[in-house]
Structures are given as structure tokens and as C-alpha cells.
Amino acid sequence: MDKVIRILKSFNFNESEAKAYITLFQHGPCSGYELSKMSGISRSKIYNILESLFQKGYVSNTQDGKVLLYRAEPIEHISRLIKTSVEDGLDMLQESMSNFEKTIDSEQIWNIKGYENIINKCIDLIESSKKEILIQVWSDDLTDRLEEIIVKKQKELGRVLVIIYDSEDNYNTKIEKFYKHGFEKNKIADTGSRWITITIDSEEMLHASIKNYNVAKGIYTKNKGMVFFANEYVKHDAYCLRLIDALGDKVKDVFGENMEGIRDVFAIN
């Protein structure tokens, strides 16, 4: 029950409301007096709590003789009410915020922390793109929503370059056009983490380092120099992959089966 109470509290239930709703949900229709005994909520509070839940639409009631019975609404109904409330609130927030004058975004570099924050920022950037997207991403971090928006943008824009890293060498994705990197183990050995690099319309960039789902941090900027370097970094990755694909076994003959030789960039003849 404690876990469910914490979840309900995150959706604007107070502790007593959450406890009353869960007890009513478990035991079925009952009177306020019966619910008080089963939930441990005092009789002096239970009727105000039930009235609050009734006003919110989380419980319904009926008159059974002289007794007023209460019934918990199905959780699907509660979910719809919460979603509608949240969506309406967000619409109102966006409308209200649009009335404020926007400040001009500088070329400062902004830090981002947290895996979900990074993925959501990636989605926001990709959705806002108008011309061109360049992205490097590991399959571990290619969430359903991120994959969906990349597929959509490839159809809309055409100019969407995707390089996927997959340590298992599976490359299972709905994205139609992408480069398979192929040297993931070496990359992980070099950096100790996965990463995501995105540039949008040669105007914005994001780079994030992801050790695991609990340790992830990144940067976002419109700084022209940083965007240029990120653009070139992703493009040169694609250049190398195209050359390797075109040359096939000839590359392996020169640099080794796993391309070890090519990685020694200081060995210039």
C-alpha cells in the first residue's frame, strides 16, 4: 500500500485521501463508518475526505435507505481524469507563458543532468528541426519515442543522418536509413560510457555521456563553434563508415580484422 500511496500523492492526493481510496478500492462499496474502521482514518475526518474524493470524481455514492454508500471508481477512470487535468494544466501553462516576452538565447553552454532529462531534450530538439538532423546514438538509448520521432523526421526532412552504435551488433530498429558503426567495444574501452550527439539545422547541438541510467550528464548550446565541431564530428564518422563499407576486405587487409591499425592516428608514414 505504501508504494501506491506514494504514487497517488504524486498526483495530488493527500495521504488520507490515498489511503481511503485504496481501502475502498480493495473492499468494495461501504459506508463512511465502515471505511473509517477498515482504513484507520478517524470518523471525524472520513466524511470530509470522502466528499473531497467525490468532488474530484474519484469515488461515487448512492443512498441505500438511510445509509450513504461510497464506491471507488475504477483506476482507468482515475487515470483518465488525471491525464485530462495534467494536459489541461499544461495547455494553460503554455498559453500563459507565451504572453511573456522571450529573452534572446545566448551562445552559452548549458549543463543537463539525468537520463530522462537528456532523452526528453533530444526529442524536443529533433521535433523542432526544420532542415537537417545529425545524430549519433547507442541502441540502448534509442527509446520508442526517440525512435518514433527520428522515423517521422526522416520522412519529413530527408536530411537526417543517423549513426547507431550497438554493442550486441543487432541494430534492430524501425529507422530505415542509418549507419552501423561496428566498433562499439573499442569505443566503450576508450570512453567508458555511451553517448548521444545531436545537431539541429546547424544551429543547436547536444552531447551527453551516459554511463548507465542513473549516471548521465550532457551539454546543450547554440554556440556556433561548438555546433560546427559537433556537425563535423558526426559527418566525419559517416565519411569513415562509408569508406570502410566501400573498401570492404581491403581495409581489413591493411588495418586488421577489427581495424586496430587505423586507430593509431599517430603512426604517420
# chains A, B, ... in the order shown; residues from 1 in each chain; ligands from 1
call {"tool": "select_by_dssp", "arguments": {"residues": "segment 50-251 of chain A", "states": "strand (DSSP E or B)", "output": "ChimeraX atom specification"}}
result
/A:59-64,67-72,109-113,133-138,160-165,179-180,194-200,204-210,216-221
call {"tool": "residues_around", "arguments": {"residues": "Tyr213 of chain A", "least_positions_apart": "6", "cutoff": "12 Å", "atoms": "only C-alpha atoms", "output": "count of residues only"}}
result
12
call {"tool": "residues_around", "arguments": {"residues": "segment 237-253 of chain A", "least_positions_apart": "6", "cutoff": "8 Å", "atoms": "only C-alpha atoms", "output": "NGL selection string"}}
result
:A and (163 or 179-181 or 259)
call {"tool": "write_last_selection", "arguments": {"atoms": "all heavy atoms", "output": "JSON list (two decimals), in the first residue's frame"}}
result
[["chain", "number", "residue", "atom", "x", "y", "z"],
["A", 163, "ILE", "N", 23.70, 7.65, -37.01],
["A", 163, "ILE", "CA", 24.73, 6.63, -36.79],
["A", 163, "ILE", "C", 24.37, 5.91, -35.50],
["A", 163, "ILE", "O", 24.21, 6.53, -34.45],
["A", 163, "ILE", "CB", 26.13, 7.26, -36.66],
["A", 163, "ILE", "CG1", 26.50, 7.98, -37.96],
["A", 163, "ILE", "CG2", 27.16, 6.18, -36.33],
["A", 163, "ILE", "CD1", 27.80, 8.76, -37.89],
["A", 179, "TYR", "N", 23.61, 4.41, -40.38],
["A", 179, "TYR", "CA", 24.93, 3.78, -40.46],
["A", 179, "TYR", "C", 25.13, 2.90, -39.24],
["A", 179, "TYR", "O", 24.85, 3.31, -38.11],
["A", 179, "TYR", "CB", 26.03, 4.85, -40.48],
["A", 179, "TYR", "CG", 26.13, 5.63, -41.77],
["A", 179, "TYR", "CD1", 25.45, 6.83, -41.91],
["A", 179, "TYR", "CD2", 26.90, 5.17, -42.83],
["A", 179, "TYR", "CE1", 25.55, 7.58, -43.08],
["A", 179, "TYR", "CE2", 26.99, 5.89, -44.02],
["A", 179, "TYR", "CZ", 26.31, 7.10, -44.13],
["A", 179, "TYR", "OH", 26.40, 7.82, -45.29],
["A", 180, "LYS", "N", 25.63, 1.68, -39.47],
["A", 180, "LYS", "CA", 26.05, 0.81, -38.37],
["A", 180, "LYS", "C", 27.51, 1.12, -38.07],
["A", 180, "LYS", "O", 28.36, 1.04, -38.94],
["A", 180, "LYS", "CB", 25.92, -0.67, -38.77],
["A", 180, "LYS", "CG", 24.51, -1.10, -39.15],
["A", 180, "LYS", "CD", 24.51, -2.56, -39.59],
["A", 180, "LYS", "CE", 23.13, -3.01, -40.01],
["A", 180, "LYS", "NZ", 23.14, -4.44, -40.46],
["A", 181, "HIS", "N", 27.79, 1.45, -36.82],
["A", 181, "HIS", "CA", 29.16, 1.86, -36.53],
["A", 181, "HIS", "C", 30.13, 0.69, -36.55],
["A", 181, "HIS", "O", 31.13, 0.72, -37.27],
["A", 181, "HIS", "CB", 29.24, 2.58, -35.18],
["A", 181, "HIS", "CG", 30.54, 3.30, -35.02],
["A", 181, "HIS", "ND1", 31.67, 2.70, -34.51],
["A", 181, "HIS", "CD2", 30.89, 4.57, -35.34],
["A", 181, "HIS", "CE1", 32.66, 3.58, -34.51],
["A", 181, "HIS", "NE2", 32.24, 4.71, -35.01],
["A", 259, "MET", "N", 40.16, -3.48, -37.28],
["A", 259, "MET", "CA", 40.60, -2.12, -37.60],
["A", 259, "MET", "C", 41.52, -1.53, -36.53],
["A", 259, "MET", "O", 41.55, -0.33, -36.32],
["A", 259, "MET", "CB", 39.37, -1.21, -37.78],
["A", 259, "MET", "CG", 38.38, -1.70, -38.81],
["A", 259, "MET", "SD", 39.03, -1.58, -40.49],
["A", 259, "MET", "CE", 39.05, 0.20, -40.69]]
call {"tool": "closest_atom_pairs", "arguments": {"of": "segment 201-243 of chain A", "to": "segment 96-110 of chain A", "cutoff": "7 Å", "atoms": "only C-alpha atoms", "output": "tab-separated table"}}
result
residue	atom	partner	partner_atom	distance
A:Ile219	CA	A:Trp110	CA	5.4
A:Tyr220	CA	A:Trp110	CA	5.2
A:Thr221	CA	A:Ile109	CA	4.8
A:Lys222	CA	A:Glu107	CA	5.1
A:Asn223	CA	A:Glu107	CA	4.2
call {"tool": "select_by_dssp", "arguments": {"residues": "segment 103-210 of chain A", "states": "helix (DSSP H, G or I)", "output": "ChimeraX atom specification"}}
result
/A:115-128,139-141,144-157,184-191
call {"tool": "atom_distance", "arguments": {"atom1": "atom CA of Ser79 of chain A", "atom2": "atom CA of His27 of chain A"}}
result
20.0 Å
call {"tool": "closest_residue", "arguments": {"among": "A:Glu147, A:Glu168, A:Asp64, A:Glu132", "to": "Pro29 of chain A", "atoms": "only C-alpha atoms"}}
result
A:Asp64
call {"tool": "closest_residue", "arguments": {"among": "A:Asp201, A:Glu51, A:Glu17, A:Asp91", "to": "Val160 of chain A", "atoms": "only C-alpha atoms"}}
result
A:Asp201
call {"tool": "atom_distance", "arguments": {"atom1": "atom CA of Ile198 of chain A", "atom2": "atom CA of Ile112 of chain A"}}
result
13.9 Å
